[in-house]
>>> print(open('my_file.txt').read())   # compact mmCIF, C-alpha atoms and all ligand atoms
# COMPACT_ATOMS: atom_id res chain seq x y z
CA MET A 1 7.25 -169.94 -0.53
CA TYR A 2 8.72 -166.53 0.20
CA PRO A 3 11.50 -165.43 2.51
CA ARG A 4 9.76 -164.91 5.85
CA THR A 5 12.50 -162.86 7.41
CA ALA A 6 14.83 -160.07 6.27
CA ALA A 7 17.02 -157.44 7.93
CA ALA A 8 17.97 -154.07 6.51
CA PHE A 9 19.59 -150.88 7.62
CA ALA A 10 19.24 -147.23 6.62
CA ARG A 11 20.79 -143.93 7.66
CA ALA A 12 19.21 -140.83 9.14
CA ASN A 13 19.24 -137.79 6.84
CA ILE A 14 19.45 -134.03 7.31
CA ALA A 15 17.35 -131.83 5.05
CA PHE A 16 18.99 -128.77 3.46
CA ILE A 17 15.70 -127.75 1.81
CA LYS A 18 12.91 -128.76 4.19
CA TYR A 19 9.70 -130.75 3.89
CA TRP A 20 7.02 -128.93 5.93
CA GLY A 21 3.32 -129.39 5.11
CA ASP A 22 1.45 -131.92 3.00
CA LEU A 23 -0.59 -131.78 -0.18
CA ASP A 24 -2.03 -135.16 0.83
CA PRO A 25 -1.39 -136.11 4.48
CA CYS A 26 -2.78 -139.64 4.05
CA TRP A 27 -0.07 -140.56 1.50
CA ARG A 28 2.44 -137.99 2.79
CA VAL A 29 2.63 -136.19 -0.56
CA PRO A 30 4.48 -132.98 0.38
CA ALA A 31 3.57 -129.37 -0.40
CA ASN A 32 7.12 -128.82 -1.73
CA GLY A 33 10.18 -130.81 -2.83
CA SER A 34 13.20 -131.18 -0.53
CA ILE A 35 16.93 -131.96 -0.63
CA SER A 36 18.98 -133.83 2.00
CA MET A 37 22.14 -135.74 2.77
CA ASN A 38 22.22 -139.20 4.34
CA LEU A 39 24.24 -139.32 7.55
CA ALA A 40 26.99 -141.95 7.68
CA GLY A 41 27.22 -143.73 11.01
CA LEU A 42 23.75 -142.70 12.25
CA SER A 43 21.67 -145.70 11.26
CA THR A 44 18.78 -147.95 12.17
CA ARG A 45 18.84 -151.73 11.71
CA THR A 46 15.48 -153.49 11.43
CA ARG A 47 14.49 -157.15 11.16
CA VAL A 48 11.01 -158.17 10.00
CA THR A 49 9.67 -161.71 10.32
CA PHE A 50 6.26 -162.62 8.90
CA ASP A 51 4.88 -165.45 11.03
CA PRO A 52 1.56 -167.30 10.45
CA LEU A 53 1.43 -168.10 14.19
CA LEU A 54 1.27 -164.44 15.28
CA GLY A 55 -2.17 -163.02 16.21
CA ARG A 56 -1.00 -159.39 15.75
CA ASP A 57 2.06 -157.38 14.77
CA THR A 58 4.71 -156.87 17.46
CA LEU A 59 7.40 -154.18 17.73
CA LEU A 60 10.60 -154.05 19.78
CA LEU A 61 12.55 -150.76 19.76
CA ASP A 62 16.10 -151.03 21.09
CA GLY A 63 15.03 -154.29 22.79
CA GLU A 64 11.97 -152.81 24.57
CA PRO A 65 8.29 -153.27 23.59
CA ALA A 66 7.20 -150.12 21.74
CA SER A 67 4.36 -147.79 22.81
CA ALA A 68 0.84 -148.47 21.51
CA ALA A 69 1.08 -145.40 19.25
CA ALA A 70 4.36 -146.54 17.67
CA LEU A 71 2.99 -150.06 17.14
CA GLU A 72 -0.17 -148.67 15.54
CA ARG A 73 1.87 -146.57 13.07
CA VAL A 74 4.09 -149.53 12.15
CA SER A 75 1.10 -151.89 11.86
CA ALA A 76 -0.69 -149.48 9.50
CA PHE A 77 2.48 -149.36 7.43
CA LEU A 78 2.76 -153.17 7.38
CA ASP A 79 -0.84 -153.28 6.09
CA ARG A 80 0.40 -151.43 2.98
CA VAL A 81 3.19 -153.99 2.53
CA ARG A 82 0.75 -156.91 3.03
CA GLN A 83 -1.57 -155.36 0.47
CA LEU A 84 1.26 -154.91 -2.05
CA ALA A 85 2.50 -158.48 -1.55
CA GLY A 86 -0.94 -160.12 -1.25
CA ARG A 87 -0.04 -161.57 2.18
CA GLN A 88 -2.02 -161.82 5.40
CA GLU A 89 0.50 -162.88 8.07
CA PHE A 90 1.34 -160.59 10.97
CA ALA A 91 4.96 -159.68 11.57
CA ALA A 92 7.47 -159.38 14.40
CA VAL A 93 9.56 -156.22 13.95
CA GLU A 94 12.77 -155.52 15.85
CA SER A 95 14.49 -152.21 15.33
CA ALA A 96 17.60 -150.67 16.89
CA ASN A 97 19.33 -147.32 16.41
CA ASN A 98 23.11 -147.03 16.73
CA PHE A 99 22.77 -143.37 17.79
CA PRO A 100 21.45 -142.24 21.18
CA MET A 101 17.63 -142.27 21.11
CA GLY A 102 17.69 -139.33 23.51
CA ALA A 103 19.83 -137.20 21.20
CA GLY A 104 16.70 -135.57 19.85
CA LEU A 105 17.54 -136.57 16.28
CA ALA A 106 14.66 -137.52 14.01
CA SER A 107 14.86 -141.30 13.89
CA SER A 108 11.68 -141.91 11.87
CA ALA A 109 13.47 -141.40 8.52
CA ALA A 110 16.07 -144.12 9.11
CA ALA A 111 13.47 -146.30 10.84
CA PHE A 112 10.86 -146.29 8.04
CA ALA A 113 13.49 -146.59 5.27
CA ALA A 114 14.95 -149.70 6.98
CA LEU A 115 11.46 -151.05 7.71
CA SER A 116 10.36 -150.58 4.07
CA LEU A 117 13.30 -152.56 2.77
CA ALA A 118 13.18 -155.32 5.42
CA ALA A 119 9.39 -155.72 5.29
CA SER A 120 9.13 -155.73 1.50
CA ALA A 121 11.99 -158.23 1.17
CA ALA A 122 10.55 -160.47 3.90
CA ALA A 123 7.18 -160.42 2.11
CA GLY A 124 8.87 -161.61 -1.09
CA LEU A 125 8.78 -158.26 -2.93
CA SER A 126 11.79 -156.95 -4.80
CA LEU A 127 11.02 -153.25 -5.25
CA ALA A 128 12.92 -150.85 -7.52
CA GLU A 129 14.53 -147.93 -5.62
CA LYS A 130 11.78 -145.54 -6.74
CA ASP A 131 9.01 -147.81 -5.44
CA LEU A 132 10.87 -148.46 -2.20
CA SER A 133 11.19 -144.69 -1.74
CA ARG A 134 7.43 -144.27 -2.37
CA LEU A 135 6.67 -147.00 0.17
CA ALA A 136 8.97 -145.45 2.80
CA ARG A 137 7.32 -142.04 2.21
CA ALA A 138 3.96 -143.44 3.26
CA GLY A 139 5.51 -144.40 6.64
CA SER A 140 7.32 -141.11 7.28
CA GLY A 141 7.78 -138.44 4.61
CA SER A 142 11.48 -137.84 5.17
CA ALA A 143 12.12 -141.63 5.11
CA CYS A 144 11.79 -141.62 1.30
CA ARG A 145 15.06 -139.62 1.25
CA SER A 146 16.92 -142.28 3.29
CA VAL A 147 16.37 -144.91 0.59
CA PRO A 148 18.76 -143.62 -2.14
CA GLY A 149 22.41 -142.86 -1.25
CA GLY A 150 24.42 -139.67 -0.73
CA PHE A 151 22.84 -136.33 -1.66
CA VAL A 152 19.16 -136.84 -2.38
CA GLU A 153 16.24 -134.89 -3.83
CA TRP A 154 12.59 -135.75 -3.09
CA GLN A 155 10.46 -134.57 -5.99
CA ALA A 156 7.18 -133.44 -4.51
CA GLY A 157 5.00 -134.93 -7.26
CA ALA A 158 1.24 -134.62 -7.50
CA GLY A 159 0.35 -137.91 -5.84
CA ASP A 160 1.65 -141.28 -4.64
CA GLU A 161 2.91 -142.34 -8.08
CA ASP A 162 5.35 -139.50 -8.72
CA SER A 163 6.36 -138.46 -5.20
CA TYR A 164 9.70 -140.16 -4.48
CA ALA A 165 13.39 -139.45 -3.90
CA TYR A 166 16.49 -140.09 -5.98
CA SER A 167 20.20 -139.47 -5.61
CA ILE A 168 21.58 -136.25 -7.16
CA ALA A 169 25.20 -137.01 -6.17
CA PRO A 170 26.91 -139.98 -4.50
CA ALA A 171 28.19 -139.78 -0.90
CA GLY A 172 31.79 -139.28 -2.11
CA HIS A 173 30.87 -136.22 -4.20
CA TRP A 174 31.49 -133.59 -1.48
CA ASP A 175 33.14 -133.69 1.96
CA LEU A 176 30.27 -132.00 3.83
CA VAL A 177 29.99 -132.86 7.52
CA ASP A 178 27.02 -132.43 9.87
CA CYS A 179 28.11 -131.53 13.43
CA VAL A 180 24.94 -131.83 15.51
CA ALA A 181 24.98 -129.53 18.53
CA VAL A 182 22.67 -131.38 20.94
CA ILE A 183 20.88 -128.88 23.18
CA SER A 184 18.00 -130.97 24.48
CA GLN A 185 17.46 -134.70 24.67
CA GLU A 186 13.77 -134.41 25.55
CA HIS A 187 11.06 -135.88 23.37
CA LYS A 188 9.50 -133.02 21.41
CA ARG A 189 5.99 -132.00 22.51
CA VAL A 190 4.62 -131.51 19.00
CA GLY A 191 5.96 -134.06 16.52
CA SER A 192 6.43 -133.57 12.79
CA THR A 193 3.17 -135.27 11.78
CA GLU A 194 1.11 -132.79 13.85
CA GLY A 195 3.35 -129.95 12.69
CA HIS A 196 2.79 -130.70 8.99
CA ALA A 197 -0.96 -130.45 9.62
CA LEU A 198 -0.55 -126.93 11.08
CA ALA A 199 1.65 -125.55 8.28
CA ALA A 200 -1.19 -124.31 6.06
CA SER A 201 -2.56 -122.19 8.94
CA SER A 202 0.47 -119.87 8.66
CA PRO A 203 0.06 -116.95 6.21
CA ILE A 204 3.75 -117.47 5.35
CA GLN A 205 3.38 -121.07 4.11
CA ALA A 206 1.95 -120.17 0.68
CA ALA A 207 4.89 -117.84 -0.06
CA ARG A 208 7.36 -120.44 1.26
CA VAL A 209 5.91 -123.15 -1.00
CA ALA A 210 5.68 -120.83 -4.05
CA ASP A 211 9.38 -119.93 -3.71
CA ALA A 212 10.51 -123.55 -3.14
CA PRO A 213 11.52 -124.26 -6.79
CA ARG A 214 14.01 -121.35 -6.64
CA ARG A 215 15.57 -122.63 -3.41
CA LEU A 216 15.68 -126.21 -4.73
CA ASN A 217 17.47 -125.03 -7.90
CA MET A 218 19.98 -122.99 -5.87
CA CYS A 219 20.68 -125.83 -3.46
CA ARG A 220 21.00 -128.50 -6.19
CA ALA A 221 23.39 -126.28 -8.16
CA ALA A 222 25.45 -125.43 -5.06
CA ILE A 223 25.84 -129.14 -4.27
CA CYS A 224 26.71 -130.07 -7.87
CA GLU A 225 29.29 -127.25 -8.06
CA ARG A 226 30.49 -127.75 -4.46
CA ASN A 227 29.90 -124.04 -3.89
CA PHE A 228 29.78 -123.66 -0.10
CA ALA A 229 28.96 -119.92 -0.02
CA ALA A 230 25.86 -120.37 -2.20
CA PHE A 231 24.94 -123.53 -0.27
CA ALA A 232 25.17 -121.74 3.11
CA GLU A 233 22.97 -118.88 1.96
CA VAL A 234 20.10 -121.01 0.67
CA VAL A 235 20.25 -123.60 3.48
CA GLU A 236 19.97 -120.99 6.24
CA GLN A 237 17.25 -119.09 4.37
CA ASP A 238 15.21 -122.28 3.88
CA CYS A 239 15.57 -123.23 7.55
CA ASN A 240 14.53 -119.76 8.71
CA LEU A 241 11.51 -119.81 6.38
CA MET A 242 10.33 -123.15 7.80
CA HIS A 243 10.72 -121.87 11.37
CA ALA A 244 8.89 -118.65 10.41
CA VAL A 245 5.98 -120.85 9.27
CA MET A 246 6.15 -122.88 12.48
CA MET A 247 6.19 -119.75 14.65
CA THR A 248 3.19 -118.23 12.82
CA SER A 249 0.96 -121.34 12.66
CA SER A 250 -2.11 -121.70 14.84
CA SER A 251 -1.32 -123.06 17.23
CA ARG A 252 2.21 -121.71 17.05
CA LEU A 253 5.29 -123.90 17.27
CA ILE A 254 8.48 -122.47 18.73
CA TYR A 255 11.21 -125.11 18.82
CA TRP A 256 14.18 -122.82 19.49
CA GLN A 257 15.70 -122.43 22.94
CA PRO A 258 18.14 -119.69 24.04
CA ALA A 259 21.07 -122.05 23.32
CA THR A 260 19.72 -122.63 19.78
CA LEU A 261 20.06 -118.90 19.09
CA ALA A 262 23.50 -118.83 20.71
CA VAL A 263 24.70 -121.54 18.29
CA MET A 264 23.15 -119.70 15.32
CA ALA A 265 24.98 -116.50 16.32
CA ALA A 266 28.28 -118.35 16.81
CA VAL A 267 27.95 -119.96 13.36
CA GLN A 268 27.44 -116.54 11.79
CA SER A 269 30.52 -115.09 13.50
CA TRP A 270 32.67 -118.11 12.55
CA ARG A 271 31.56 -117.73 8.93
CA GLN A 272 32.43 -114.03 9.01
CA ALA A 273 35.85 -115.04 10.33
CA GLY A 274 36.38 -117.24 7.25
CA LEU A 275 35.23 -120.75 8.29
CA GLU A 276 32.99 -122.54 5.76
CA VAL A 277 30.06 -123.19 8.08
CA CYS A 278 26.26 -122.79 8.17
CA TYR A 279 23.34 -124.08 10.25
CA THR A 280 20.02 -125.83 9.78
CA ILE A 281 17.43 -126.80 12.41
CA ASP A 282 14.63 -129.40 12.27
CA ALA A 283 11.53 -129.65 14.48
CA GLY A 284 13.49 -129.33 17.72
CA PRO A 285 16.09 -127.14 19.44
CA ASN A 286 19.23 -128.97 18.25
CA VAL A 287 21.35 -127.25 15.61
CA HIS A 288 22.89 -129.10 12.66
CA VAL A 289 26.08 -127.21 11.90
CA LEU A 290 27.35 -127.99 8.41
CA CYS A 291 30.99 -127.62 7.41
CA ARG A 292 33.72 -129.15 5.23
CA SER A 293 35.83 -132.00 6.64
CA ALA A 294 38.82 -129.69 7.24
CA GLY A 295 36.75 -127.58 9.66
CA VAL A 296 35.40 -130.40 11.85
CA GLU A 297 37.89 -130.26 14.72
CA THR A 298 37.73 -126.45 15.05
CA LEU A 299 33.97 -126.63 14.99
CA ARG A 300 33.67 -129.52 17.42
CA ALA A 301 35.79 -127.58 19.94
CA GLY A 302 33.93 -124.32 19.33
CA LEU A 303 30.49 -125.90 19.66
CA GLY A 304 31.47 -127.95 22.72
CA ALA A 305 32.55 -124.74 24.50
CA LEU A 306 29.20 -122.98 24.02
CA PRO A 307 26.93 -122.94 27.10
CA GLY A 308 23.92 -125.22 26.67
CA VAL A 309 25.53 -127.60 24.15
CA GLN A 310 25.38 -131.05 25.76
CA MET A 311 27.25 -133.01 23.10
CA VAL A 312 28.28 -132.86 19.45
CA LEU A 313 27.60 -135.76 17.05
CA VAL A 314 29.58 -135.78 13.80
CA ALA A 315 28.44 -137.43 10.53
CA GLY A 316 29.60 -137.20 6.93
CA PRO A 317 27.63 -138.22 3.79
CA GLY A 318 26.21 -141.76 3.94
CA GLY A 319 25.12 -144.39 1.43
CA ALA A 320 21.79 -145.96 0.49
CA ALA A 321 19.53 -148.23 2.53
CA ALA A 322 20.66 -151.85 2.15
CA LEU A 323 19.62 -155.39 2.99
CA GLU A 324 21.88 -157.03 5.54
CA GLN A 325 23.19 -159.64 3.05
CA ASP A 326 24.23 -156.84 0.66
CA VAL A 327 26.37 -155.00 3.22
C1 LIG A 401 11.49 -130.68 9.99
O1 LIG A 401 9.30 -136.89 7.82
O2 LIG A 401 9.49 -136.54 10.31
O3 LIG A 401 12.62 -132.77 9.69
O4 LIG A 401 6.04 -137.76 7.66
O5 LIG A 401 5.09 -137.01 9.81
O6 LIG A 401 7.04 -138.61 9.79
P1 LIG A 401 6.31 -137.46 9.10
O7 LIG A 401 7.28 -136.20 9.15
P2 LIG A 401 8.85 -136.15 9.02
O8 LIG A 401 9.07 -134.57 8.78
C2 LIG A 401 10.34 -134.04 8.66
C3 LIG A 401 10.31 -132.60 9.02
C4 LIG A 401 11.65 -131.92 9.11
C5 LIG A 401 12.13 -131.42 7.74
C6 LIG A 401 12.70 -132.46 6.80
O9 LIG A 401 13.32 -133.45 7.24
O10 LIG A 401 12.56 -132.24 5.58
>>> encode(input="my_file.txt", output="structure tokens", more="lines below")
Ligand code: DP6
Amino acid sequence: MYPRTAAAFARANIAFIKYWGDLDPCWRVPANGSISMNLAGLSTRTRVTFDPLLGRDTLLLDGEPASAAALERVSAFLDRVRQLAGRQEFAAVESANNFPMGAGLASSAAAFAALSLAASAAAGLSLAEKDLSRLARAGSGSACRSVPGGFVEWQAGAGDEDSYAYSIAPAGHWDLVDCVAVISQEHKRVGSTEGHALAASSPIQAARVADAPRRLNMCRAAICERNFAAFAEVVEQDCNLMHAVMMTSSSRLIYWQPATLAVMAAVQSWRQAGLEVCYTIDAGPNVHVLCRSAGVETLRAGLGALPGVQMVLVAGPGGAAALEQDV
């Protein structure tokens, strides 16, 4: 007999050095390593129940039946768990985010990290952190970074076996805060999975990937030494490189809106005025503005006053994915 049901939660994460493009899209083995921070307070809670009476997998997202595409992605992921555990039963999955779905934040990282832990535990598996991270990666690349806690590095690896994430510093190591300037709440037209597939079509991608070890070293050292100036320089450069690849892919991807550029310019002027602040942007128009805890209130007010900024979400460093009973 195995536990049929388990619930787990995991946090979203923000990448400082970005994952963009795959070596192996089937297993989501990335073209380059990446570094991120888990976001406290922005989490997904997921319950998985394997049930011999079910004729297919089911998926409820925030209480509503999920789209066919979302169910298909989750079902394919559950097939991997069933294969690992040697089980056949279908599962009922219920997942809820505690942050607004419409905030345009990537929710797949928290979702697949929580799903990996809940599904593997419900199937009777007790995976080591490394193997849980590998499993989450197969669901959504960035999800492997939401498994360990705090500041996390995903080593690219050469294949499924050695492509996983581990913590490089605990959440309490540095008082970094992510102030997310929400500019659009619309669902993005081209999602990350399609975007990764376009990366290699940009002539800039090869140079971006070749230079990744240098940026990873700079970012890791800046975090370990809590050196904000060095951190700001490499984080903004890495973000701009990824967007340069996006903008020069065929077909091209331009995620920025006028308000995105306005926030980037404001961040630069605040930094010149002495505030420890920098930006990073994922596959969407919203800007993640990073600062130290002492700068949060100034920044929240400054961002809120910029035209086009709809709301500001604030999150510090968060811990590892956990089973509900362990919380
Ligand atoms: C721009 O992990 O969302 O946020 O594996 O297709 O789910 P899939 O992609 P995903 O890609 C994340 C892209 C990014 C950069 C990052 O988080 O590293």
>>> closest_residue(input="my_file.txt", among="A:Val190, A:Leu105, A:Val29, A:Leu216", to="Asp162 (chain A)", atoms="only C-alpha atoms")
A:Val29
>>> closest_residue(input="my_file.txt", among="A:Ala165, A:Ile183, A:Val245, A:Ile35", to="Ile204 (chain A)", atoms="only C-alpha atoms")
A:Val245
>>> residues_near_ligand(input="my_file.txt", ligand="ligand LIG 401 (chain A)", cutoff="9 Å", atoms="all atoms listed in the file", output="ChimeraX atom specification")
/A:13-22,25,28,30,33-36,106-109,112,137-145,191-197,239,242-243,281-284
>>> closest_residue(input="my_file.txt", among="A:Met37, A:Ala244, A:Ala121, A:Ala294", to="Ala12 (chain A)", atoms="only C-alpha atoms")
A:Met37
>>> residues_around(input="my_file.txt", residues="Cys224 (chain A)", least_positions_apart="2", cutoff="10 Å", atoms="only C-alpha atoms", output="list in words")
Phe151, Ile168, Ala169, His173, Trp174, Met218, Cys219, Arg220, Ala221, Ala222, Arg226 and Asn227 of chain A
>>> closest_atom_pairs(input="my_file.txt", of="region 202-296 of chain A", to="region 304-314 of chain A", cutoff="12 Å", atoms="all atoms listed in the file", output="JSON lines")
{"residue": "A:Gln257", "atom": "CA", "partner": "A:Gly308", "partner_atom": "CA", "distance": 9.4}
{"residue": "A:Pro258", "atom": "CA", "partner": "A:Gly308", "partner_atom": "CA", "distance": 8.4}
{"residue": "A:Ala259", "atom": "CA", "partner": "A:Gly308", "partner_atom": "CA", "distance": 5.4}
{"residue": "A:Thr260", "atom": "CA", "partner": "A:Gly308", "partner_atom": "CA", "distance": 8.5}
{"residue": "A:Leu261", "atom": "CA", "partner": "A:Gly308", "partner_atom": "CA", "distance": 10.6}
{"residue": "A:Ala262", "atom": "CA", "partner": "A:Leu306", "partner_atom": "CA", "distance": 7.8}
{"residue": "A:Val263", "atom": "CA", "partner": "A:Leu306", "partner_atom": "CA", "distance": 7.4}
{"residue": "A:Met264", "atom": "CA", "partner": "A:Leu306", "partner_atom": "CA", "distance": 11.1}
{"residue": "A:Ala265", "atom": "CA", "partner": "A:Leu306", "partner_atom": "CA", "distance": 10.9}
{"residue": "A:Ala266", "atom": "CA", "partner": "A:Leu306", "partner_atom": "CA", "distance": 8.6}
{"residue": "A:Val267", "atom": "CA", "partner": "A:Leu306", "partner_atom": "CA", "distance": 11.1}
{"residue": "A:Pro285", "atom": "CA", "partner": "A:Val309", "partner_atom": "CA", "distance": 10.6}
{"residue": "A:Asn286", "atom": "CA", "partner": "A:Val309", "partner_atom": "CA", "distance": 8.7}
{"residue": "A:Val287", "atom": "CA", "partner": "A:Val309", "partner_atom": "CA", "distance": 9.5}
{"residue": "A:His288", "atom": "CA", "partner": "A:Leu313", "partner_atom": "CA", "distance": 9.3}
{"residue": "A:Val289", "atom": "CA", "partner": "A:Val314", "partner_atom": "CA", "distance": 9.5}
{"residue": "A:Leu290", "atom": "CA", "partner": "A:Val314", "partner_atom": "CA", "distance": 9.7}
{"residue": "A:Cys291", "atom": "CA", "partner": "A:Val314", "partner_atom": "CA", "distance": 10.5}
{"residue": "A:Arg292", "atom": "CA", "partner": "A:Val314", "partner_atom": "CA", "distance": 11.6}
{"residue": "A:Ser293", "atom": "CA", "partner": "A:Val314", "partner_atom": "CA", "distance": 10.2}
{"residue": "A:Gly295", "atom": "CA", "partner": "A:Val314", "partner_atom": "CA", "distance": 11.7}
{"residue": "A:Val296", "atom": "CA", "partner": "A:Val314", "partner_atom": "CA", "distance": 8.2}
>>> atom_distance(input="my_file.txt", atom1="CA of Leu78 (chain A)", atom2="CA of Ala128 (chain A)")
18.2 Å
>>> closest_residue(input="my_file.txt", among="A:Ala200, A:Arg47, A:Thr58, A:Tyr164", to="Lys130 (chain A)", atoms="only C-alpha atoms")
A:Tyr164
>>> residues_around(input="my_file.txt", residues="Ala66 (chain A)", least_positions_apart="5", cutoff="12 Å", atoms="all atoms listed in the file", output="number ranges by chain")
A: 57-61, 71-75, 92-96
>>> closest_residue(input="my_file.txt", among="A:Arg300, A:Arg4, A:Arg11, A:Arg189", to="Ile254 (chain A)", atoms="all atoms listed in the file")
A:Arg189
>>> closest_atom_pairs(input="my_file.txt", of="region 31-56 of chain A", to="region 320-326 of chain A", cutoff="12 Å", atoms="all atoms listed in the file", output="JSON lines")
{"residue": "A:Met37", "atom": "CA", "partner": "A:Ala320", "partner_atom": "CA", "distance": 10.5}
{"residue": "A:Asn38", "atom": "CA", "partner": "A:Ala320", "partner_atom": "CA", "distance": 7.8}
{"residue": "A:Leu39", "atom": "CA", "partner": "A:Ala320", "partner_atom": "CA", "distance": 10.0}
{"residue": "A:Ala40", "atom": "CA", "partner": "A:Ala320", "partner_atom": "CA", "distance": 9.7}
{"residue": "A:Leu42", "atom": "CA", "partner": "A:Ala321", "partner_atom": "CA", "distance": 12.0}
{"residue": "A:Ser43", "atom": "CA", "partner": "A:Ala321", "partner_atom": "CA", "distance": 9.3}
{"residue": "A:Thr44", "atom": "CA", "partner": "A:Ala321", "partner_atom": "CA", "distance": 9.7}
{"residue": "A:Arg45", "atom": "CA", "partner": "A:Glu324", "partner_atom": "CA", "distance": 8.7}
{"residue": "A:Thr46", "atom": "CA", "partner": "A:Glu324", "partner_atom": "CA", "distance": 9.4}
{"residue": "A:Arg47", "atom": "CA", "partner": "A:Glu324", "partner_atom": "CA", "distance": 9.3}
{"residue": "A:Val48", "atom": "CA", "partner": "A:Leu323", "partner_atom": "CA", "distance": 11.4}
>>> closest_residue(input="my_file.txt", among="A:Ser202, A:Ala31, A:Ala210, A:Gly55", to="Gln155 (chain A)", atoms="all atoms listed in the file")
A:Ala31
>>> atom_distance(input="my_file.txt", atom1="CA of Arg252 (chain A)", atom2="CA of Arg215 (chain A)")
24.5 Å
>>> atom_distance(input="my_file.txt", atom1="CA of Val81 (chain A)", atom2="CA of Trp154 (chain A)")
21.3 Å
>>> residues_around(input="my_file.txt", residues="Pro203 (chain A)", least_positions_apart="4", cutoff="12 Å", atoms="only C-alpha atoms", output="PyMOL selection string")
chain A and resi 198-199+207-209+241+244-250
